[in-house]
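Student: Below is one structure. I have some questions about it.
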Amino acid sequence: MNSQRVKELCLIAQNLRITGLKMVQKARSGHIGGAFSLSEIMAVLYFEKMNIRPEEQKWEDRDRLVLSKGHATVALYPTLAMRGYFPVEDLDTFRKLGSYLSGHAEMTHVPGVDMSTGSLGQGFSTALGMAVAAKQLKKDYVTYAILGDGEIQEGQIWEACMYAGGHGIDNLVAIVDNNKVQLDGTVAEVLDTGDLAAKFASFGFFVQSVNGHDVEALCEAIDKANATKGKPSVIIANTVKGKGVSFMEGKSQWHGKTPDDEQFARAFEELYASKKELEG
């Protein structure tokens, strides 16, 4: 990947953060921390790697994305809007009464959403079902699933892993947003999930661990995952909760807290400064 494309993807990720923060500011509600840790992942998937057609949203052969950590719509909705699934102006209605952009992803209302999610643990099972369906229908599409590292404390995640690994579902790519912080504290404090690479490997997954804010590393990992046959893949994306805003980074209170006016101003100042630096 050339340096210009790397720069473009980094700028897209930063614009996703800025747009997401504007949504939360207007709504006075929304999950910032776990959305900002996803920004580079969303930029790489939707603007570089996924085989999709925003102008043909129900195209049968499209790649699928299931945001299993379904509360992270502050990352998902800006991505879909910027990719052309619906007007960017509609983001101003986020979480407003009567808006189709609710706090959690809904497939029957939001263009581009492949599965309704929000009840943690269940999204990965539906992603597995999509991948199995592709096998049965002899389709070539890939199903990606984004999991939270707190979410994988749910037993249903590991039931899906057991099936996926046991049946060699190699068109399924899980991406764990490993920001190490959940609603009530750090993952280690709440319920330590231990050695994730070893855990997934024991279920028969091809495992990669990368810097989740490095767009080149993410692209390479996705390519390797898609080239791997005979087993499902997982990319453990090591990220920072609240990435890009110094006073939010790594802090559990910013899982779903709304900033006050002064904090919004500080956050925007930092995000725009980083964008300017990226622009050179």
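Chain labels A, B, ... are given in the sequence in which chains occur in the structure tokens; within each chain residues are numbered consecutively from 1, and ligands are likewise numbered from 1 in the order shown.
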Contacts of A:Asp192 at 12 Å or less, counting only C-alpha atoms, minus same-chain residues fewer than 2 places along, as an NGL selection string?
Tutor: :A and (149-153 or 180-182 or 185-190 or 194-196)
Student: Find the spatial neighbours of A:Ser233, counting only C-alpha atoms, within a cut-off of 7 Å - ignore same-chain residues fewer than 2 positions away - and output them as an MDAnalysis selection string.
Tutor: chainID A and resid 170 172:174 205:207 225 231 235
Student: Would you mind listing what lies within 10 Å of A:Val132 as a list in words, with only C-alpha atoms counted and same-chain residues fewer than 6 positions away left out?
Tutor: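 Neighbouring residues, sequence-local ones excluded: Thr126, Lys138, Lys139, Thr143, Ala164, His167, Gly168, Ile169, Asp170, Asn171 and Leu172 of chain A.
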Student: Name the closest residue to A:Arg28 among the candidates A:Lys257, A:Lys7, A:Arg266, A:Lys224; distances are taken between atoms, counting only C-alpha atoms.
Tutor: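 Answer, going by the shortest atom-to-atom distance: A:Lys257.
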Student: At what distance in Å, to one decimal, does atom CA of A:Leu97 lie from atom CA of A:Phe264?
Tutor: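 Computing the Euclidean distance for atom CA of A:Phe264 and atom CA of A:Leu97 yields 23.0 Å.
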Student: So that I can see what lies close to A:Ser116, please list as a VMD selection string the residues with an atom at most 10 Å from it, counting only C-alpha atoms and leaving out residues fewer than 3 positions away in the same chain.
Tutor: chain A and resid 66 to 68 70 104 to 110 113 119 122 to 123 126
Student: Given the selection you just returned, output its residues as a file containing N, CA and C atoms, formatted as a PDB file, in the first residue's frame.
Tutor:
ATOM      1  N   VAL A  66     -21.085  -7.548  10.672  1.00  0.00           N
ATOM      2  CA  VAL A  66     -21.940  -7.575  11.857  1.00  0.00           C
ATOM      3  C   VAL A  66     -21.184  -6.893  12.994  1.00  0.00           C
ATOM      4  N   LEU A  67     -21.701  -5.750  13.435  1.00  0.00           N
ATOM      5  CA  LEU A  67     -21.121  -5.046  14.578  1.00  0.00           C
ATOM      6  C   LEU A  67     -21.713  -5.681  15.832  1.00  0.00           C
ATOM      7  N   SER A  68     -21.051  -6.740  16.302  1.00  0.00           N
ATOM      8  CA  SER A  68     -21.602  -7.473  17.439  1.00  0.00           C
ATOM      9  C   SER A  68     -21.668  -6.592  18.684  1.00  0.00           C
ATOM     10  N   GLY A  70     -22.950  -3.811  19.390  1.00  0.00           N
ATOM     11  CA  GLY A  70     -23.898  -2.993  18.647  1.00  0.00           C
ATOM     12  C   GLY A  70     -24.132  -1.605  19.184  1.00  0.00           C
ATOM     13  N   HIS A 104     -28.658   1.763  18.995  1.00  0.00           N
ATOM     14  CA  HIS A 104     -28.087   0.486  18.599  1.00  0.00           C
ATOM     15  C   HIS A 104     -28.495   0.185  17.156  1.00  0.00           C
ATOM     16  N   ALA A 105     -27.665  -0.580  16.473  1.00  0.00           N
ATOM     17  CA  ALA A 105     -27.863  -0.821  15.042  1.00  0.00           C
ATOM     18  C   ALA A 105     -29.124  -1.644  14.779  1.00  0.00           C
ATOM     19  N   GLU A 106     -29.942  -1.182  13.829  1.00  0.00           N
ATOM     20  CA  GLU A 106     -31.173  -1.891  13.460  1.00  0.00           C
ATOM     21  C   GLU A 106     -31.223  -2.114  11.950  1.00  0.00           C
ATOM     22  N   MET A 107     -31.220  -3.372  11.541  1.00  0.00           N
ATOM     23  CA  MET A 107     -31.143  -3.705  10.122  1.00  0.00           C
ATOM     24  C   MET A 107     -32.405  -3.353   9.348  1.00  0.00           C
ATOM     25  N   THR A 108     -33.536  -3.281  10.015  1.00  0.00           N
ATOM     26  CA  THR A 108     -34.785  -2.983   9.315  1.00  0.00           C
ATOM     27  C   THR A 108     -35.000  -1.480   9.114  1.00  0.00           C
ATOM     28  N   HIS A 109     -34.132  -0.675   9.681  1.00  0.00           N
ATOM     29  CA  HIS A 109     -34.295   0.780   9.592  1.00  0.00           C
ATOM     30  C   HIS A 109     -33.109   1.499   8.966  1.00  0.00           C
ATOM     31  N   VAL A 110     -31.907   0.995   9.185  1.00  0.00           N
ATOM     32  CA  VAL A 110     -30.703   1.724   8.768  1.00  0.00           C
ATOM     33  C   VAL A 110     -30.091   1.095   7.520  1.00  0.00           C
ATOM     34  N   VAL A 113     -26.922  -1.693   7.291  1.00  0.00           N
ATOM     35  CA  VAL A 113     -26.745  -2.528   8.485  1.00  0.00           C
ATOM     36  C   VAL A 113     -27.206  -3.951   8.162  1.00  0.00           C
ATOM     37  N   SER A 119     -27.674  -6.693  21.987  1.00  0.00           N
ATOM     38  CA  SER A 119     -27.642  -7.677  23.057  1.00  0.00           C
ATOM     39  C   SER A 119     -26.315  -8.412  22.934  1.00  0.00           C
ATOM     40  N   GLN A 122     -24.611 -11.955  21.004  1.00  0.00           N
ATOM     41  CA  GLN A 122     -25.461 -12.607  20.004  1.00  0.00           C
ATOM     42  C   GLN A 122     -25.058 -12.297  18.565  1.00  0.00           C
ATOM     43  N   GLY A 123     -24.433 -11.161  18.336  1.00  0.00           N
ATOM     44  CA  GLY A 123     -24.082 -10.774  16.979  1.00  0.00           C
ATOM     45  C   GLY A 123     -23.129 -11.738  16.301  1.00  0.00           C
ATOM     46  N   THR A 126     -24.906 -14.691  14.764  1.00  0.00           N
ATOM     47  CA  THR A 126     -25.586 -14.386  13.500  1.00  0.00           C
ATOM     48  C   THR A 126     -24.582 -14.238  12.368  1.00  0.00           C
TER      49      THR A 126
END
Student: Near A:Gly256, counting only C-alpha atoms, which residues have an atom at most 9 Å away, once you skip same-chain residues fewer than 3 positions from it, shown as a ChimeraX atom specification?
Tutor: /A:29-34,183,252-253
Student: Quick one: write out the picked residues with N, CA and C atoms as a short mmCIF file (atom, residue, chain, number, x, y, z; two decimals), in the first residue's frame?
Tutor:
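After the write, selection_11.cif holds the following:
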data_model
loop_
_atom_site.label_atom_id
_atom_site.label_comp_id
_atom_site.auth_asym_id
_atom_site.auth_seq_id
_atom_site.Cartn_x
_atom_site.Cartn_y
_atom_site.Cartn_z
N SER A 29 -25.95 12.25 23.83
CA SER A 29 -26.01 10.84 24.19
C SER A 29 -25.20 10.03 23.19
N GLY A 30 -24.64 8.90 23.63
CA GLY A 30 -23.92 8.04 22.70
C GLY A 30 -22.66 7.45 23.33
N HIS A 31 -22.21 6.35 22.78
CA HIS A 31 -21.02 5.65 23.28
C HIS A 31 -19.78 6.10 22.50
N ILE A 32 -18.94 6.88 23.14
CA ILE A 32 -17.77 7.43 22.45
C ILE A 32 -16.57 6.50 22.53
N GLY A 33 -16.25 6.04 23.73
CA GLY A 33 -14.99 5.32 23.95
C GLY A 33 -14.75 4.16 23.01
N GLY A 34 -15.71 3.25 22.95
CA GLY A 34 -15.57 2.06 22.12
C GLY A 34 -15.83 2.30 20.65
N LEU A 183 -17.50 -1.24 30.37
CA LEU A 183 -18.34 -0.27 31.08
C LEU A 183 -17.92 -0.04 32.52
N SER A 252 -12.71 4.03 31.64
CA SER A 252 -13.99 3.33 31.55
C SER A 252 -15.18 4.29 31.62
N GLN A 253 -15.02 5.44 32.28
CA GLN A 253 -16.16 6.36 32.41
C GLN A 253 -16.58 6.94 31.07
#
Student: Would you please work out which residue, of A:Ser274, A:Gln263, A:Thr117, A:Thr239, is nearest to A:His213 when using only C-alpha atoms?
Tutor: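 The closest residue to A:His213 is A:Thr239.
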Student: Using DSSP on the backbone coordinates, identify all residues within stretch 67-220 of chain A classified as strand (DSSP E); present the result as number ranges by chain.
Tutor: A: 67, 143-148, 172-178, 181-182, 185-186, 206-211
Student: May I have the selected residues written with N, CA and C atoms, as a PDB file, in the first residue's frame?
Tutor:
ATOM      1  N   LEU A  67     -21.701  -5.750  13.435  1.00  0.00           N
ATOM      2  CA  LEU A  67     -21.121  -5.046  14.578  1.00  0.00           C
ATOM      3  C   LEU A  67     -21.713  -5.681  15.832  1.00  0.00           C
ATOM      4  N   THR A 143     -17.913 -12.793   5.665  1.00  0.00           N
ATOM      5  CA  THR A 143     -18.625 -12.157   6.766  1.00  0.00           C
ATOM      6  C   THR A 143     -17.616 -11.740   7.830  1.00  0.00           C
ATOM      7  N   TYR A 144     -17.620 -10.443   8.124  1.00  0.00           N
ATOM      8  CA  TYR A 144     -16.770  -9.889   9.178  1.00  0.00           C
ATOM      9  C   TYR A 144     -17.632  -9.622  10.410  1.00  0.00           C
ATOM     10  N   ALA A 145     -17.065  -9.857  11.580  1.00  0.00           N
ATOM     11  CA  ALA A 145     -17.777  -9.565  12.825  1.00  0.00           C
ATOM     12  C   ALA A 145     -16.839  -8.823  13.762  1.00  0.00           C
ATOM     13  N   ILE A 146     -17.299  -7.696  14.271  1.00  0.00           N
ATOM     14  CA  ILE A 146     -16.503  -6.917  15.220  1.00  0.00           C
ATOM     15  C   ILE A 146     -17.022  -7.201  16.624  1.00  0.00           C
ATOM     16  N   LEU A 147     -16.125  -7.701  17.465  1.00  0.00           N
ATOM     17  CA  LEU A 147     -16.470  -8.085  18.831  1.00  0.00           C
ATOM     18  C   LEU A 147     -15.780  -7.155  19.826  1.00  0.00           C
ATOM     19  N   GLY A 148     -16.445  -6.878  20.922  1.00  0.00           N
ATOM     20  CA  GLY A 148     -15.806  -6.141  22.001  1.00  0.00           C
ATOM     21  C   GLY A 148     -15.052  -7.087  22.910  1.00  0.00           C
ATOM     22  N   LEU A 172     -15.342 -16.623   7.568  1.00  0.00           N
ATOM     23  CA  LEU A 172     -15.719 -15.824   8.733  1.00  0.00           C
ATOM     24  C   LEU A 172     -14.458 -15.191   9.318  1.00  0.00           C
ATOM     25  N   VAL A 173     -14.479 -13.856   9.449  1.00  0.00           N
ATOM     26  CA  VAL A 173     -13.346 -13.135  10.022  1.00  0.00           C
ATOM     27  C   VAL A 173     -13.841 -12.321  11.213  1.00  0.00           C
ATOM     28  N   ALA A 174     -13.402 -12.710  12.399  1.00  0.00           N
ATOM     29  CA  ALA A 174     -13.727 -11.950  13.607  1.00  0.00           C
ATOM     30  C   ALA A 174     -12.627 -10.922  13.854  1.00  0.00           C
ATOM     31  N   ILE A 175     -13.032  -9.746  14.286  1.00  0.00           N
ATOM     32  CA  ILE A 175     -12.080  -8.710  14.680  1.00  0.00           C
ATOM     33  C   ILE A 175     -12.434  -8.294  16.104  1.00  0.00           C
ATOM     34  N   VAL A 176     -11.517  -8.530  17.032  1.00  0.00           N
ATOM     35  CA  VAL A 176     -11.754  -8.167  18.427  1.00  0.00           C
ATOM     36  C   VAL A 176     -11.190  -6.772  18.680  1.00  0.00           C
ATOM     37  N   ASP A 177     -12.071  -5.863  19.078  1.00  0.00           N
ATOM     38  CA  ASP A 177     -11.652  -4.508  19.459  1.00  0.00           C
ATOM     39  C   ASP A 177     -11.076  -4.599  20.871  1.00  0.00           C
ATOM     40  N   ASN A 178      -9.811  -4.909  20.952  1.00  0.00           N
ATOM     41  CA  ASN A 178      -9.153  -5.219  22.227  1.00  0.00           C
ATOM     42  C   ASN A 178      -8.632  -3.938  22.880  1.00  0.00           C
ATOM     43  N   VAL A 181     -10.860  -2.153  28.026  1.00  0.00           N
ATOM     44  CA  VAL A 181     -11.702  -1.422  28.971  1.00  0.00           C
ATOM     45  C   VAL A 181     -13.159  -1.640  28.611  1.00  0.00           C
ATOM     46  N   GLN A 182     -14.004  -1.892  29.619  1.00  0.00           N
ATOM     47  CA  GLN A 182     -15.436  -2.046  29.401  1.00  0.00           C
ATOM     48  C   GLN A 182     -16.196  -1.091  30.312  1.00  0.00           C
ATOM     49  N   GLY A 185     -15.056  -0.945  34.179  1.00  0.00           N
ATOM     50  CA  GLY A 185     -13.642  -0.937  34.533  1.00  0.00           C
ATOM     51  C   GLY A 185     -12.823  -1.613  33.451  1.00  0.00           C
ATOM     52  N   THR A 186     -11.628  -2.012  33.798  1.00  0.00           N
ATOM     53  CA  THR A 186     -10.826  -2.730  32.821  1.00  0.00           C
ATOM     54  C   THR A 186     -11.334  -4.169  32.699  1.00  0.00           C
ATOM     55  N   PHE A 206      -7.410 -19.309  12.955  1.00  0.00           N
ATOM     56  CA  PHE A 206      -6.157 -18.688  12.550  1.00  0.00           C
ATOM     57  C   PHE A 206      -6.121 -17.334  13.233  1.00  0.00           C
ATOM     58  N   VAL A 207      -5.094 -17.098  14.055  1.00  0.00           N
ATOM     59  CA  VAL A 207      -5.058 -15.929  14.928  1.00  0.00           C
ATOM     60  C   VAL A 207      -3.951 -14.968  14.514  1.00  0.00           C
ATOM     61  N   GLN A 208      -4.312 -13.682  14.457  1.00  0.00           N
ATOM     62  CA  GLN A 208      -3.329 -12.618  14.257  1.00  0.00           C
ATOM     63  C   GLN A 208      -3.577 -11.535  15.307  1.00  0.00           C
ATOM     64  N   SER A 209      -2.501 -10.920  15.770  1.00  0.00           N
ATOM     65  CA  SER A 209      -2.600  -9.816  16.718  1.00  0.00           C
ATOM     66  C   SER A 209      -1.878  -8.618  16.130  1.00  0.00           C
ATOM     67  N   VAL A 210      -2.596  -7.487  16.000  1.00  0.00           N
ATOM     68  CA  VAL A 210      -2.024  -6.302  15.343  1.00  0.00           C
ATOM     69  C   VAL A 210      -2.373  -5.036  16.124  1.00  0.00           C
ATOM     70  N   ASN A 211      -1.692  -3.970  15.781  1.00  0.00           N
ATOM     71  CA  ASN A 211      -2.035  -2.640  16.270  1.00  0.00           C
ATOM     72  C   ASN A 211      -3.303  -2.200  15.543  1.00  0.00           C
TER      73      ASN A 211
END
Student: One decimal, in Å: what's the spacing between atom CA of A:Val240 and atom CA of A:Tyr77?
Tutor: 20.1 Å
Student: May I ask which of the residues A:Glu277, A:Glu216, A:Asp92, A:Asp261 is the closest one to A:Lys22, counting only C-alpha atoms?
Tutor: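 Answer, going by the shortest atom-to-atom distance: A:Asp92.
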Student: Atom CA of A:Lys243 to atom CA of A:Leu120: how many Å, to one decimal?
Tutor: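 Answer for the atom CA of A:Lys243 to atom CA of A:Leu120 separation: 22.1 Å.
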Student: List as a PyMOL selection string the protein and nucleic acid residues near A:Arg17, meaning an atom at most 9 Å away when only C-alpha atoms are counted, but skip any in the same chain fewer than 5 places from it.
Tutor: chain A and resi 12+22+32+35-36+39+74-75+78+243-244+271
Student: For A:Lys96, find every residue with an atom within 10 Å (counting only C-alpha atoms), except residues of its own chain fewer than 3 positions away, and show them as a ChimeraX atom specification.
Tutor: /A:26-29,92-93,99-103
